[in-house]
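A.B. asks: Here you go, this is start11.tsv (TSV, C-alpha atoms and all ligand atoms).
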```tsv
chain	number	residue	atom	x	y	z
A	202	MET	CA	199.98	-98.51	-14.39
A	203	ALA	CA	200.03	-101.71	-16.42
A	204	HIS	CA	200.21	-104.84	-14.32
A	205	LEU	CA	202.38	-107.79	-15.27
A	206	GLY	CA	201.78	-111.30	-13.95
A	207	VAL	CA	204.17	-114.23	-14.26
A	208	TYR	CA	202.62	-117.70	-14.24
A	209	PRO	CA	205.45	-120.19	-13.67
A	210	GLY	CA	205.30	-123.95	-13.90
A	211	SER	CA	206.89	-127.08	-15.27
A	212	PHE	CA	204.07	-127.50	-17.81
A	213	ASP	CA	205.07	-131.10	-18.50
A	214	PRO	CA	202.59	-131.04	-20.19
A	215	PRO	CA	200.31	-128.00	-19.86
A	216	THR	CA	196.79	-129.18	-18.95
A	217	LEU	CA	193.29	-127.73	-19.29
A	218	GLY	CA	193.68	-126.75	-15.63
A	219	HIS	CA	196.71	-124.62	-16.52
A	220	LEU	CA	194.84	-123.11	-19.46
A	221	ASP	CA	191.92	-122.23	-17.20
A	222	VAL	CA	194.28	-120.36	-14.84
A	223	ILE	CA	195.95	-118.62	-17.82
A	224	GLU	CA	192.62	-117.49	-19.28
A	225	ARG	CA	191.40	-116.13	-15.96
A	226	ALA	CA	194.72	-114.45	-15.08
A	227	ALA	CA	194.82	-112.85	-18.56
A	228	LYS	CA	191.59	-111.03	-17.65
A	229	ILE	CA	193.07	-109.61	-14.45
A	230	PHE	CA	196.57	-108.67	-15.61
A	231	ASP	CA	197.40	-106.35	-18.52
A	232	ARG	CA	200.20	-108.73	-19.52
A	233	LEU	CA	200.80	-112.31	-18.47
A	234	ILE	CA	204.03	-114.21	-19.04
A	235	VAL	CA	203.67	-117.98	-18.83
A	236	ALA	CA	207.15	-119.00	-17.70
A	237	VAL	CA	208.27	-122.57	-18.30
A	238	GLY	CA	210.73	-123.60	-15.58
A	239	ILE	CA	213.72	-125.52	-16.87
A	240	ASN	CA	214.97	-127.74	-14.08
A	241	ARG	CA	217.72	-130.14	-15.07
A	242	ALA	CA	217.19	-132.25	-11.93
A	243	LYS	CA	213.67	-133.25	-13.03
A	244	LYS	CA	213.16	-135.90	-15.70
A	245	PRO	CA	210.37	-134.47	-17.85
A	246	LEU	CA	208.41	-136.27	-20.55
A	247	LEU	CA	208.60	-133.23	-22.83
A	248	THR	CA	211.77	-131.34	-23.71
A	249	PRO	CA	211.90	-127.65	-22.75
A	250	ASP	CA	211.25	-126.73	-26.42
A	251	GLN	CA	208.23	-129.06	-26.57
A	252	ARG	CA	206.81	-127.60	-23.35
A	253	ILE	CA	207.29	-124.03	-24.59
A	254	GLU	CA	205.70	-124.94	-27.94
A	255	ALA	CA	202.82	-126.74	-26.17
A	256	VAL	CA	202.03	-123.64	-24.10
A	257	LYS	CA	202.42	-121.34	-27.14
A	258	GLN	CA	199.97	-123.40	-29.20
A	259	SER	CA	197.46	-123.33	-26.32
A	260	VAL	CA	197.37	-119.55	-25.87
A	261	THR	CA	197.14	-118.26	-29.46
A	262	HIS	CA	193.67	-116.84	-28.66
A	263	LEU	CA	195.02	-114.65	-25.82
A	264	PRO	CA	196.75	-111.51	-27.17
A	265	ASN	CA	198.15	-110.33	-23.81
A	266	VAL	CA	199.79	-113.67	-22.99
A	267	GLU	CA	203.47	-114.34	-23.76
A	268	VAL	CA	205.44	-117.53	-23.28
A	269	ALA	CA	209.01	-117.62	-21.96
A	270	SER	CA	211.31	-119.95	-20.07
A	271	PHE	CA	213.49	-119.48	-17.02
A	272	GLN	CA	216.21	-121.27	-15.11
A	273	GLY	CA	217.23	-120.75	-11.51
A	274	LEU	CA	215.23	-118.81	-8.96
A	275	LEU	CA	211.68	-117.90	-9.89
A	276	SER	CA	211.72	-114.79	-7.70
A	277	ALA	CA	214.86	-113.50	-9.48
A	278	TYR	CA	213.28	-114.17	-12.87
A	279	ALA	CA	210.02	-112.46	-11.88
A	280	ALA	CA	211.98	-109.41	-10.66
A	281	SER	CA	214.08	-109.34	-13.85
A	282	VAL	CA	210.98	-108.97	-16.03
A	283	GLY	CA	209.39	-106.41	-13.70
A	284	ALA	CA	206.51	-108.62	-12.56
A	285	ASP	CA	203.96	-107.30	-10.09
A	286	ALA	CA	202.74	-110.75	-9.17
A	287	ILE	CA	203.45	-114.45	-9.43
A	288	VAL	CA	200.35	-116.43	-10.40
A	289	ARG	CA	199.69	-119.96	-9.17
A	290	GLY	CA	196.67	-122.26	-9.31
A	291	LEU	CA	195.25	-124.11	-6.31
A	292	ARG	CA	193.32	-127.33	-6.74
A	293	ALA	CA	192.96	-129.24	-3.51
A	294	THR	CA	194.08	-128.61	0.05
A	295	ALA	CA	197.00	-130.90	-0.80
A	296	ASP	CA	198.46	-128.13	-2.95
A	297	PHE	CA	198.37	-125.63	-0.12
A	298	GLU	CA	201.41	-126.59	1.94
A	299	TYR	CA	203.85	-126.47	-0.96
A	300	GLU	CA	202.31	-123.30	-2.38
A	301	PHE	CA	202.38	-121.63	1.03
A	302	GLN	CA	206.07	-122.44	1.45
A	303	MET	CA	206.91	-121.29	-2.06
A	304	ALA	CA	204.98	-118.01	-1.66
A	305	MET	CA	206.74	-117.28	1.64
A	306	VAL	CA	210.22	-118.01	0.26
A	307	ASN	CA	209.54	-115.92	-2.84
A	308	ARG	CA	208.21	-113.02	-0.75
A	309	ARG	CA	211.29	-113.18	1.46
A	310	MET	CA	213.48	-112.75	-1.60
A	311	GLN	CA	211.27	-110.27	-3.46
A	312	PRO	CA	208.98	-108.51	-0.95
A	313	ASP	CA	207.36	-106.34	-3.64
A	314	ILE	CA	206.14	-109.25	-5.76
A	315	GLU	CA	202.83	-110.70	-4.55
A	316	THR	CA	201.83	-114.31	-5.13
A	317	VAL	CA	198.23	-114.49	-6.38
A	318	PHE	CA	196.27	-117.76	-6.31
A	319	PHE	CA	193.50	-118.80	-8.64
A	320	MET	CA	191.14	-121.44	-7.26
A	321	THR	CA	190.59	-124.32	-9.65
A	322	ASN	CA	187.45	-124.77	-11.69
A	323	TRP	CA	185.53	-127.82	-10.55
A	324	GLU	CA	185.80	-129.45	-13.99
A	325	THR	CA	189.61	-129.45	-13.97
A	326	SER	CA	190.14	-129.85	-10.22
A	327	TYR	CA	191.46	-133.42	-10.54
A	328	VAL	CA	193.69	-132.81	-13.56
A	329	SER	CA	197.46	-132.68	-13.11
A	330	SER	CA	200.44	-133.00	-15.44
A	331	SER	CA	201.49	-136.16	-13.55
A	332	ILE	CA	198.12	-137.83	-14.12
A	333	VAL	CA	198.20	-136.92	-17.82
A	334	LYS	CA	201.73	-138.34	-18.16
A	335	GLU	CA	200.83	-141.56	-16.37
A	336	VAL	CA	197.73	-142.15	-18.49
A	337	ALA	CA	199.56	-141.22	-21.71
A	338	LEU	CA	202.54	-143.46	-20.99
A	339	LEU	CA	200.17	-146.36	-20.28
A	340	HIS	CA	198.39	-145.65	-23.59
A	341	GLY	CA	195.14	-144.54	-21.96
A	342	ASP	CA	192.82	-141.83	-23.24
A	343	PHE	CA	193.96	-138.43	-22.01
A	344	GLN	CA	192.08	-136.33	-24.60
A	345	GLY	CA	189.94	-133.79	-22.82
A	346	LEU	CA	192.52	-133.29	-20.06
A	347	VAL	CA	194.89	-131.16	-22.16
A	348	PRO	CA	194.40	-128.54	-24.89
A	349	GLU	CA	194.13	-130.18	-28.32
A	350	PRO	CA	197.55	-129.10	-29.67
A	351	VAL	CA	199.16	-130.41	-26.49
A	352	ALA	CA	197.63	-133.85	-27.02
A	353	ARG	CA	199.49	-134.15	-30.34
A	354	ILE	CA	202.80	-133.11	-28.76
A	355	VAL	CA	202.34	-135.58	-25.88
A	356	GLU	CA	201.41	-138.42	-28.27
A	357	LYS	CA	204.56	-137.79	-30.27
A	358	ALA	CA	206.70	-137.77	-27.12
A	359	VAL	CA	205.13	-141.03	-25.91
A	360	ARG	CA	205.73	-142.65	-29.32
A	361	GLY	CA	209.35	-141.47	-29.17
A	362	ARG	CA	209.79	-143.13	-25.78
A	363	THR	CA	208.11	-146.39	-26.74
A	364	HIS	CA	210.31	-146.79	-29.81
A	365	LYS	CA	213.60	-146.19	-27.98
B	1	LIG	O1	204.38	-126.78	-12.20
B	1	LIG	P1	205.24	-126.92	-10.98
B	1	LIG	O2	206.17	-128.11	-11.12
B	1	LIG	O3	204.47	-126.92	-9.70
B	1	LIG	O4	206.18	-125.60	-10.98
B	1	LIG	C1	207.16	-125.46	-10.02
B	1	LIG	C2	208.03	-124.21	-10.26
B	1	LIG	C3	208.76	-124.28	-11.60
B	1	LIG	C4	207.19	-122.98	-10.22
B	1	LIG	C5	209.02	-124.21	-9.06
B	1	LIG	O5	209.73	-125.41	-9.03
B	1	LIG	C6	210.02	-123.07	-9.10
B	1	LIG	O6	209.70	-121.95	-8.82
B	1	LIG	N1	211.27	-123.39	-9.47
B	1	LIG	C7	212.35	-122.43	-9.55
B	1	LIG	C8	213.30	-122.57	-8.35
B	1	LIG	C9	212.92	-121.68	-7.19
B	1	LIG	O7	212.72	-120.48	-7.34
B	1	LIG	N2	212.81	-122.27	-5.98
B	1	LIG	C10	212.47	-121.52	-4.78
B	1	LIG	C11	210.99	-121.38	-4.56
B	1	LIG	S1	210.30	-122.90	-3.99
```
As structure tokens, please, write out the structure in this file.
C.D. replies:
Amino acid sequence: MAHLGVYPGSFDPPTLGHLDVIERAAKIFDRLIVAVGINRAKKPLLTPDQRIEAVKQSVTHLPNVEVASFQGLLSAYAASVGADAIVRGLRATADFEYEFQMAMVNRRMQPDIETVFFMTNWETSYVSSSIVKEVALLHGDFQGLVPEPVARIVEKAVRGRTHK
């Protein structure tokens, strides 16, 4: 039986840490959907279309990876696409509490969908979308923290903000 994983996130922007999780999960699952969560309450740097495009441009080398977006409950979305598992990355112990809570809530709503965690690679353990955004908005060097195509999309978004 083919196994489908769903890797959800805000991806504002996708980082090399996200890409590392995607590449490793793509080896375990037959198909992996990277699902960009559209949450109107959050104020992202990148528009939903930019985030979807940024992920798409980062995964062109992975034939079993698809990119989609979702609104509302993650567990309902994962069930609607027939996912076997929700994939999440873990960096530091600080991530654990939130991830634990999320995994429990999602299991409560969809008991048949497992949450599977990928432990960070040491090299990307300190990288987060928030850090990339902060450095980018303060015009620091964030190359090497995000996939190359993402850097161009982030630069454009930062320029757009500065010139408003
Ligand atoms: O990259 P992030 O910001 O850690 O991703 C968070 C995301 C999008 C996975 C999470 O906010 C989410 O699942 N949102 C959908 C709403 C939902 O299902 N909430 C209940 C579980 S906490």
A.B. asks: Near Pro249 (chain A), within 10 Å and counting all atoms listed in the file, which residues show up once chain neighbours fewer than 5 positions away are dropped, as a ChimeraX atom specification?
C.D. replies: /A:211-213,237-241,254-255,270
A.B. asks: Edge lengths and centre in Å to one decimal, as AutoDock Vina command-line options, is what I'm after for the box along x, y and z that holds all listed atoms of ligand LIG 1 (chain B) once 4 Å is added on each side.
C.D. replies:
```
--center_x 208.8 --center_y -124.3 --center_z -8.1 --size_x 16.9 --size_y 15.6 --size_z 16.2
```
A.B. asks: Which is closer to ligand LIG 1 (chain B) than all the others in A:Ala203, A:Met310, A:Val256, A:Ala227, using only C-alpha atoms and all ligand atoms?
C.D. replies: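 The shortest atom-to-atom distance to ligand LIG 1 (chain B) comes from A:Met310.
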A.B. asks: May I have the residues within 12 Å of Leu291 (chain A) as a ChimeraX atom specification, using only C-alpha atoms and disregarding those fewer than 2 positions away in the same chain?
C.D. replies: /A:218-219,221-222,288-289,293-301,316-323,325-329
A.B. asks: With only C-alpha atoms and all ligand atoms counted and 7 Å as the cut-off, give the residues of chain A in contact with ligand LIG 1 (chain B), each with its shortest interatomic distance in Å and the pair that gives it, as a tab-separated table.
C.D. replies:
```
residue	atom	partner	partner_atom	distance
A:Pro209	CA	B:LIG1	C4	4.8
A:Gly210	CA	B:LIG1	O1	3.4
A:Ser211	CA	B:LIG1	O1	4.0
A:Phe212	CA	B:LIG1	O1	5.7
A:Val237	CA	B:LIG1	C3	6.9
A:Gly238	CA	B:LIG1	C3	4.5
A:Gln272	CA	B:LIG1	C7	6.9
A:Gly273	CA	B:LIG1	C8	5.4
A:Leu274	CA	B:LIG1	O7	3.4
A:Leu275	CA	B:LIG1	O7	3.8
A:Ser276	CA	B:LIG1	O7	5.8
A:Gln302	CA	B:LIG1	S1	6.9
A:Met303	CA	B:LIG1	S1	4.2
A:Val306	CA	B:LIG1	C11	5.9
A:Asn307	CA	B:LIG1	C11	5.9
```
A.B. asks: When distances are computed from only C-alpha atoms, which of A:Arg225, A:Ala279, A:Thr248, A:Val235 shows the smallest separation from Gly361 (chain A)?
C.D. replies: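 Of all the options, A:Thr248 lies closest to Gly361 (chain A).
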A.B. asks: With distances taken over only C-alpha atoms, which residue among A:Leu246, A:Leu233, A:Ala304, A:Leu217 lies nearest Glu349 (chain A)?
C.D. replies: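 Under the stated criterion, the closest residue is A:Leu217.
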A.B. asks: Identify which of the residues A:Arg353, A:Pro215, A:Ile234, A:Ile332 lies closest to Ala286 (chain A), counting only C-alpha atoms when measuring atom-to-atom distances.
C.D. replies: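 Of the candidates, the smallest distance to Ala286 (chain A) is held by A:Ile234.
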A.B. asks: Show me the residues around (203.2, -107.3, -17.4) - criterion: an atom at most 9 Å away, all atoms listed in the file counted - as a PyMOL selection string.
C.D. replies: chain A and resi 203-207+230-234+265+282-286
A.B. asks: I need the residue nearest Ser331 (chain A) from this list: A:Thr216, A:Ser259, A:Gln311, A:Ser281. Use all atoms listed in the file for the distance.
C.D. replies: A:Thr216
A.B. asks: Skip Lys257 (chain A) itself and residues of its chain fewer than 6 positions away, then list as a PDB file with C-alpha atoms, keeping the file's coordinate frame all residues within 12 Å of it, counting all atoms listed in the file.
C.D. replies:
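After the write, selection_16.pdb holds the following:
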```pdb
ATOM      1  CA  PHE A 212     204.070-127.500 -17.810  1.00  0.00           C
ATOM      2  CA  PRO A 214     202.590-131.040 -20.190  1.00  0.00           C
ATOM      3  CA  PRO A 215     200.310-128.000 -19.860  1.00  0.00           C
ATOM      4  CA  LEU A 220     194.840-123.110 -19.460  1.00  0.00           C
ATOM      5  CA  ILE A 223     195.950-118.620 -17.820  1.00  0.00           C
ATOM      6  CA  ILE A 234     204.030-114.210 -19.040  1.00  0.00           C
ATOM      7  CA  VAL A 235     203.670-117.980 -18.830  1.00  0.00           C
ATOM      8  CA  ALA A 236     207.150-119.000 -17.700  1.00  0.00           C
ATOM      9  CA  VAL A 237     208.270-122.570 -18.300  1.00  0.00           C
ATOM     10  CA  ASP A 250     211.250-126.730 -26.420  1.00  0.00           C
ATOM     11  CA  GLN A 251     208.230-129.060 -26.570  1.00  0.00           C
ATOM     12  CA  LEU A 263     195.020-114.650 -25.820  1.00  0.00           C
ATOM     13  CA  PRO A 264     196.750-111.510 -27.170  1.00  0.00           C
ATOM     14  CA  VAL A 266     199.790-113.670 -22.990  1.00  0.00           C
ATOM     15  CA  GLU A 267     203.470-114.340 -23.760  1.00  0.00           C
ATOM     16  CA  VAL A 268     205.440-117.530 -23.280  1.00  0.00           C
ATOM     17  CA  ALA A 269     209.010-117.620 -21.960  1.00  0.00           C
ATOM     18  CA  SER A 270     211.310-119.950 -20.070  1.00  0.00           C
ATOM     19  CA  PRO A 348     194.400-128.540 -24.890  1.00  0.00           C
ATOM     20  CA  PRO A 350     197.550-129.100 -29.670  1.00  0.00           C
ATOM     21  CA  VAL A 351     199.160-130.410 -26.490  1.00  0.00           C
ATOM     22  CA  ILE A 354     202.800-133.110 -28.760  1.00  0.00           C
TER      23      ILE A 354
END
```
A.B. asks: Just to confirm, what's the straight-line distance from CA of Ile287 (chain A) to CA of Ile314 (chain A) in Å (one decimal)?
C.D. replies: 6.9 Å
A.B. asks: What does the distance between CA of Ala280 (chain A) and CA of Tyr208 (chain A) come to in Å, to one decimal place?
C.D. replies: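 If I compute the distance from CA of Ala280 (chain A) to CA of Tyr208 (chain A), I get 13.0 Å.
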A.B. asks: For region 339-350 of chain A, write N, CA and C atoms out as a PDB file, in the first residue's frame.
C.D. replies:
```pdb
ATOM      1  N   LEU A 339      15.605  43.440   8.318  1.00  0.00           N
ATOM      2  CA  LEU A 339      16.628  44.388   8.803  1.00  0.00           C
ATOM      3  C   LEU A 339      17.819  44.444   7.837  1.00  0.00           C
ATOM      4  N   HIS A 340      17.611  43.915   6.633  1.00  0.00           N
ATOM      5  CA  HIS A 340      18.581  43.968   5.536  1.00  0.00           C
ATOM      6  C   HIS A 340      19.888  43.250   5.857  1.00  0.00           C
ATOM      7  N   GLY A 341      19.797  42.198   6.673  1.00  0.00           N
ATOM      8  CA  GLY A 341      20.975  41.368   6.944  1.00  0.00           C
ATOM      9  C   GLY A 341      21.088  40.265   5.912  1.00  0.00           C
ATOM     10  N   ASP A 342      22.172  39.506   6.014  1.00  0.00           N
ATOM     11  CA  ASP A 342      22.437  38.439   5.047  1.00  0.00           C
ATOM     12  C   ASP A 342      21.755  37.139   5.505  1.00  0.00           C
ATOM     13  N   PHE A 343      20.756  36.735   4.760  1.00  0.00           N
ATOM     14  CA  PHE A 343      20.055  35.494   5.126  1.00  0.00           C
ATOM     15  C   PHE A 343      20.282  34.397   4.097  1.00  0.00           C
ATOM     16  N   GLN A 344      21.183  34.647   3.112  1.00  0.00           N
ATOM     17  CA  GLN A 344      21.522  33.607   2.134  1.00  0.00           C
ATOM     18  C   GLN A 344      22.118  32.441   2.921  1.00  0.00           C
ATOM     19  N   GLY A 345      21.842  31.253   2.468  1.00  0.00           N
ATOM     20  CA  GLY A 345      22.382  30.092   3.191  1.00  0.00           C
ATOM     21  C   GLY A 345      21.448  29.597   4.276  1.00  0.00           C
ATOM     22  N   LEU A 346      20.370  30.336   4.544  1.00  0.00           N
ATOM     23  CA  LEU A 346      19.372  29.860   5.511  1.00  0.00           C
ATOM     24  C   LEU A 346      18.117  29.355   4.795  1.00  0.00           C
ATOM     25  N   VAL A 347      17.981  29.774   3.529  1.00  0.00           N
ATOM     26  CA  VAL A 347      16.804  29.371   2.738  1.00  0.00           C
ATOM     27  C   VAL A 347      17.279  28.828   1.388  1.00  0.00           C
ATOM     28  N   PRO A 348      16.456  27.993   0.730  1.00  0.00           N
ATOM     29  CA  PRO A 348      16.832  27.557  -0.621  1.00  0.00           C
ATOM     30  C   PRO A 348      16.994  28.775  -1.537  1.00  0.00           C
ATOM     31  N   GLU A 349      17.848  28.656  -2.529  1.00  0.00           N
ATOM     32  CA  GLU A 349      18.184  29.823  -3.374  1.00  0.00           C
ATOM     33  C   GLU A 349      16.967  30.517  -4.004  1.00  0.00           C
ATOM     34  N   PRO A 350      16.018  29.755  -4.592  1.00  0.00           N
ATOM     35  CA  PRO A 350      14.868  30.449  -5.190  1.00  0.00           C
ATOM     36  C   PRO A 350      14.041  31.212  -4.158  1.00  0.00           C
TER      37      PRO A 350
END
```
